[in-house]
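Asks: Can you keep this structure in mind? I'll have questions shortly.
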Amino acid sequence: MTSTVENDRQAASEVRAAGINEALTVMPDEKGHFGPYGGQFVSEILMTALAELDQAYRHLKNDKNFLAEFHHDLEHYVGRPSPLYFAERLTKQMGGARIMLKREDLNHTGAHKINNCIGQALLAKYMGKPRVIAETGAGQHGVASATVAARFGLKCRVYMGSDDIARQSPNVYRMKLLGAEVVPVTSGSRTLKDALSEAMRDWVTNVDDTYYIIGTVAGPHPYPMLVRDFQSVIGIEARAQCLKQFGTMPDAVVACVGGGSNAMGIFYPFLEDRDVRLIGVEPAGHGLETGQHAAPLSKGKIGILQGNRTYLMQDSDGQVLDTYSISAGLDYPGVGPEHAWLKDIKRAEYVAVDDKQALHAFRQLNRLEGILPALESAHGLAYAMDLAATMSKDEIIIVNLSGRGDKDIPTMAKLDGISLD
Ligand SMILES: *Cc1c(COP(=O)(O)O)cnc(C)c1O
């Protein structure tokens, strides 16, 4: 397999050679702006750390050894490429477009997050940082970070709100088994946004020996860019697999959006294919009109979160609001700045799916395909199922099945009134 970056470059230059308008894939600019979004809203001391990271990344993304190690681990440790699977019975049930599933649920640790964590752990290694930190809400990014820290022999500390620790005890224990230290954050609402602040504070204090692994396409520049690049292996594979299986591009690509990394990863290699609809699905929770959701692109305002300008859930005083979704991994008050820009320029569409619709899709995929999806992924799936029904049988939809749902069994059992003890 050739490298992500080389493939992107090649694809982009082919598009330009064919005379199809300007390259969307050259974003962000030098300062990390995607139009008015992104940037670096951090303290002076972190500006230095970010400049060091930016410089290291710009060099390493073209470094033969770095890329060889990255792709080696994607193949032998993560288990890539992941299949592009035709969900035949589900397609038949919906009676329209072919539904193809990009099976990120089959990756080591059960989701797409590991792709990015491998990339960033390698950055830490090449930059000579023996210690990594991360923050986590539901615990999934914490687990992926602790996993790669074990794999590369790095010291690892994970910040987690104390309320989240109480809710996610299997993931907390799993991180400990992997040798990570889990630090409870007891300030504020004791959830993800407080863990974010605490991780930033740690980085400021220990920037000499510490690498901060951010789990989605958010944070200050260069994080949204480098996380996207590491995750774009998903879209590069899916695009090639679709061409190979059907000799044509898909008509639509659908992915759930929390911070937006699995969506950006599958969208990015399709950006220049203007006929391919790109659809991001936010969690509408109990309903957009109830305020109990995590859908900043649908219902948020522009502001600053985690060092970048983007759409986020905030009140009129600029206070970040509490979010809600049945799927803990989508429960994030912001969204990556590249999505904010793609929405404004209308290259991607953003919609929202509520808990009920996601739960229906979750059950359907179990029954019809024998696949237990993550509740996060079920949001994308739910939208794709409805969309498929409105399309013709010769059309193709690719859904990014971002993760597996084993972790959601306790949530589902509780809804069904079943005791697992
Ligand atoms: C974390 C997670 C998400 C949401 O994160 P993105 O950055 O939006 O991809 C989606 N699906 C699964 C399975 C996750 O673990």
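Letters A, B, ... go to the chains of the structure tokens in the order shown; residues in each chain start at 1; ligands are counted from 1 in the same order.
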Excluding A:Leu368 and residues on its chain fewer than 3 positions from it, collect all residues at most 10 Å away from it, counting only C-alpha atoms, and give them as a compact mmCIF listing (two decimals) with N, CA, C and O atoms, in the first residue's frame.

Replies:
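Contents of out.txt, freshly written:
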# COMPACT_ATOMS: atom_id res chain seq x y z
N ALA A 87 -24.07 -4.74 2.49
CA ALA A 87 -25.14 -5.15 3.41
C ALA A 87 -26.38 -5.51 2.58
O ALA A 87 -27.30 -4.70 2.40
N GLU A 88 -26.39 -6.75 2.11
CA GLU A 88 -27.36 -7.16 1.10
C GLU A 88 -28.79 -7.23 1.65
O GLU A 88 -29.75 -6.76 1.04
N ARG A 89 -28.91 -7.84 2.84
CA ARG A 89 -30.26 -7.98 3.42
C ARG A 89 -30.82 -6.64 3.87
O ARG A 89 -32.01 -6.38 3.74
N LEU A 90 -29.96 -5.80 4.39
CA LEU A 90 -30.40 -4.46 4.80
C LEU A 90 -30.83 -3.66 3.57
O LEU A 90 -31.85 -2.96 3.58
N THR A 91 -30.05 -3.77 2.51
CA THR A 91 -30.37 -3.09 1.25
C THR A 91 -31.74 -3.53 0.74
O THR A 91 -32.57 -2.70 0.36
N LYS A 92 -31.97 -4.84 0.75
CA LYS A 92 -33.22 -5.40 0.27
C LYS A 92 -34.41 -4.85 1.08
O LYS A 92 -35.43 -4.46 0.54
N GLN A 93 -34.20 -4.81 2.39
CA GLN A 93 -35.24 -4.30 3.29
C GLN A 93 -35.61 -2.85 2.96
O GLN A 93 -36.78 -2.48 2.97
N ARG A 363 -30.74 -1.99 16.00
CA ARG A 363 -31.43 -3.28 16.07
C ARG A 363 -31.53 -3.93 14.69
O ARG A 363 -31.37 -5.14 14.54
N GLN A 364 -31.81 -3.12 13.68
CA GLN A 364 -31.94 -3.65 12.32
C GLN A 364 -30.63 -4.29 11.85
O GLN A 364 -30.64 -5.35 11.24
N LEU A 365 -29.51 -3.64 12.11
CA LEU A 365 -28.23 -4.18 11.63
C LEU A 365 -27.90 -5.49 12.33
O LEU A 365 -27.37 -6.42 11.72
N ILE A 371 -24.41 -7.90 12.57
CA ILE A 371 -23.34 -6.96 12.95
C ILE A 371 -23.87 -6.07 14.07
O ILE A 371 -24.95 -5.47 13.94

Asks: Can you list, as an MDAnalysis selection string, every protein, DNA or RNA residue that comes within 8 Å of A:Tyr77 when you count only C-alpha atoms, leaving out same-chain residues fewer than 4 positions away?

Replies: chainID A and resid 72:73 108

Asks: Could those residues be written to a file, using N, CA and C atoms, as a tab-separated table (two decimals), in the first residue's frame?

Replies:
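The file below, selection.tsv, is the result:
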chain	number	residue	atom	x	y	z
A	72	HIS	N	2.97	-0.02	8.35
A	72	HIS	CA	3.24	-1.35	8.89
A	72	HIS	C	2.29	-1.65	10.04
A	73	ASP	N	2.16	-0.70	10.94
A	73	ASP	CA	1.29	-0.92	12.10
A	73	ASP	C	-0.18	-0.95	11.71
A	108	HIS	N	-8.45	-3.44	15.44
A	108	HIS	CA	-7.99	-3.68	16.81
A	108	HIS	C	-8.53	-2.56	17.72

Asks: Which parts of stretch 268-402 of chain A does DSSP call strand (DSSP E or B) when run on the backbone here, written out as a PyMOL selection string?

Replies: chain A and resi 277-285+301-305+308-312+314+320+334+348-354+373+396-401

Asks: Write the residues of the preceding selection, restricted to N, CA, C and O atoms, as a compact mmCIF listing (two decimals), in the first residue's frame.

Replies:
# COMPACT_ATOMS: atom_id res chain seq x y z
N ARG A 277 -21.95 12.89 -2.87
CA ARG A 277 -22.52 13.63 -1.72
C ARG A 277 -21.82 13.19 -0.44
O ARG A 277 -21.68 11.98 -0.20
N LEU A 278 -21.42 14.13 0.39
CA LEU A 278 -20.80 13.81 1.67
C LEU A 278 -21.76 14.26 2.76
O LEU A 278 -22.15 15.43 2.81
N ILE A 279 -22.17 13.33 3.61
CA ILE A 279 -23.21 13.64 4.59
C ILE A 279 -22.76 13.27 6.00
O ILE A 279 -22.48 12.11 6.30
N GLY A 280 -22.67 14.28 6.85
CA GLY A 280 -22.30 14.07 8.26
C GLY A 280 -23.55 14.04 9.11
O GLY A 280 -24.46 14.86 8.93
N VAL A 281 -23.61 13.09 10.04
CA VAL A 281 -24.82 12.90 10.85
C VAL A 281 -24.52 13.19 12.32
O VAL A 281 -23.75 12.48 12.97
N GLU A 282 -25.13 14.25 12.84
CA GLU A 282 -24.96 14.62 14.24
C GLU A 282 -26.03 13.95 15.11
O GLU A 282 -27.10 13.60 14.61
N PRO A 283 -25.74 13.81 16.41
CA PRO A 283 -26.74 13.21 17.30
C PRO A 283 -27.76 14.24 17.76
O PRO A 283 -27.41 15.23 18.39
N ALA A 284 -29.02 14.00 17.45
CA ALA A 284 -30.09 14.91 17.87
C ALA A 284 -30.63 14.54 19.26
O ALA A 284 -31.57 15.18 19.75
N GLY A 285 -30.07 13.52 19.89
CA GLY A 285 -30.45 13.16 21.27
C GLY A 285 -31.94 12.96 21.42
O GLY A 285 -32.56 12.18 20.71
N LYS A 301 -23.53 27.68 17.82
CA LYS A 301 -23.09 29.02 17.44
C LYS A 301 -21.58 29.00 17.28
O LYS A 301 -20.91 28.14 17.84
N ILE A 302 -21.07 29.98 16.55
CA ILE A 302 -19.62 30.04 16.35
C ILE A 302 -18.95 30.57 17.62
O ILE A 302 -19.40 31.54 18.22
N GLY A 303 -17.91 29.89 18.04
CA GLY A 303 -17.19 30.31 19.24
C GLY A 303 -15.85 29.61 19.28
O GLY A 303 -15.40 29.04 18.28
N ILE A 304 -15.22 29.64 20.46
CA ILE A 304 -13.90 29.03 20.59
C ILE A 304 -13.92 27.93 21.64
O ILE A 304 -14.39 28.13 22.76
N LEU A 305 -13.49 26.75 21.23
CA LEU A 305 -13.42 25.60 22.14
C LEU A 305 -12.14 24.84 21.86
O LEU A 305 -11.78 24.64 20.70
N ASN A 308 -9.60 26.24 19.15
CA ASN A 308 -9.92 26.56 17.76
C ASN A 308 -11.31 27.19 17.63
O ASN A 308 -12.16 27.02 18.51
N ARG A 309 -11.52 27.93 16.53
CA ARG A 309 -12.83 28.54 16.29
C ARG A 309 -13.68 27.59 15.46
O ARG A 309 -13.23 27.07 14.43
N THR A 310 -14.90 27.37 15.93
CA THR A 310 -15.77 26.42 15.26
C THR A 310 -17.21 26.62 15.72
O THR A 310 -17.50 27.54 16.50
N TYR A 311 -18.10 25.77 15.26
CA TYR A 311 -19.45 25.74 15.81
C TYR A 311 -19.44 24.96 17.12
O TYR A 311 -18.81 23.89 17.19
N LEU A 312 -20.11 25.47 18.14
CA LEU A 312 -20.22 24.73 19.38
C LEU A 312 -21.53 25.03 20.09
O LEU A 312 -22.22 25.98 19.76
N GLN A 314 -23.22 26.53 22.92
CA GLN A 314 -22.97 27.49 23.99
C GLN A 314 -24.20 28.36 24.22
O GLN A 314 -25.03 28.51 23.33
N VAL A 320 -20.06 27.07 27.59
CA VAL A 320 -20.27 25.81 26.88
C VAL A 320 -21.40 25.04 27.57
O VAL A 320 -21.41 24.90 28.79
N GLY A 334 -18.39 20.50 20.68
CA GLY A 334 -17.89 21.19 19.49
C GLY A 334 -17.85 20.26 18.30
O GLY A 334 -18.42 19.17 18.31
N ALA A 348 -20.13 19.66 2.04
CA ALA A 348 -20.72 18.54 2.77
C ALA A 348 -22.05 19.00 3.35
O ALA A 348 -22.27 20.19 3.54
N GLU A 349 -22.93 18.03 3.58
CA GLU A 349 -24.24 18.33 4.18
C GLU A 349 -24.23 17.76 5.59
O GLU A 349 -23.63 16.72 5.84
N TYR A 350 -24.92 18.44 6.49
CA TYR A 350 -24.98 17.94 7.87
C TYR A 350 -26.43 17.82 8.30
O TYR A 350 -27.23 18.75 8.10
N VAL A 351 -26.75 16.67 8.85
CA VAL A 351 -28.12 16.38 9.27
C VAL A 351 -28.05 15.84 10.70
O VAL A 351 -26.95 15.63 11.23
N ALA A 352 -29.18 15.61 11.31
CA ALA A 352 -29.18 15.08 12.67
C ALA A 352 -30.18 13.93 12.78
O ALA A 352 -31.22 13.93 12.14
N VAL A 353 -29.80 12.95 13.61
CA VAL A 353 -30.62 11.76 13.82
C VAL A 353 -30.78 11.59 15.33
O VAL A 353 -29.80 11.72 16.08
N ASP A 354 -31.99 11.33 15.80
CA ASP A 354 -32.18 11.26 17.25
C ASP A 354 -31.96 9.85 17.81
O ASP A 354 -31.73 8.90 17.06
N PRO A 373 -23.35 -2.81 15.73
CA PRO A 373 -22.61 -1.56 15.53
C PRO A 373 -22.52 -0.74 16.81
O PRO A 373 -23.34 -0.91 17.72
N ILE A 396 -25.18 3.83 -5.06
CA ILE A 396 -24.35 3.25 -3.98
C ILE A 396 -24.18 4.26 -2.85
O ILE A 396 -23.82 5.42 -3.08
N ILE A 397 -24.40 3.79 -1.62
CA ILE A 397 -24.10 4.60 -0.44
C ILE A 397 -23.03 3.88 0.38
O ILE A 397 -23.17 2.68 0.66
N ILE A 398 -21.99 4.59 0.75
CA ILE A 398 -21.01 4.02 1.69
C ILE A 398 -21.27 4.63 3.06
O ILE A 398 -21.34 5.85 3.21
N VAL A 399 -21.43 3.76 4.07
CA VAL A 399 -21.58 4.22 5.45
C VAL A 399 -20.32 3.87 6.21
O VAL A 399 -19.85 2.72 6.16
N ASN A 400 -19.76 4.84 6.92
CA ASN A 400 -18.61 4.52 7.75
C ASN A 400 -19.09 3.89 9.06
O ASN A 400 -19.65 4.56 9.93
N LEU A 401 -18.91 2.59 9.18
CA LEU A 401 -19.29 1.89 10.40
C LEU A 401 -18.11 2.05 11.37
O LEU A 401 -17.23 1.21 11.46

Asks: For A:His59, which of A:Leu192, A:Ala378, A:Leu123, A:Ile99 is the closest residue, counting only C-alpha atoms?

Replies: A:Leu123

Asks: Check the smallest atom-to-atom distance from each of A:Ser189, A:Gln140, A:Asn171, A:Asn206 to ligand 1 using only C-alpha atoms and all ligand atoms, then report the winner.

Replies: A:Gln140
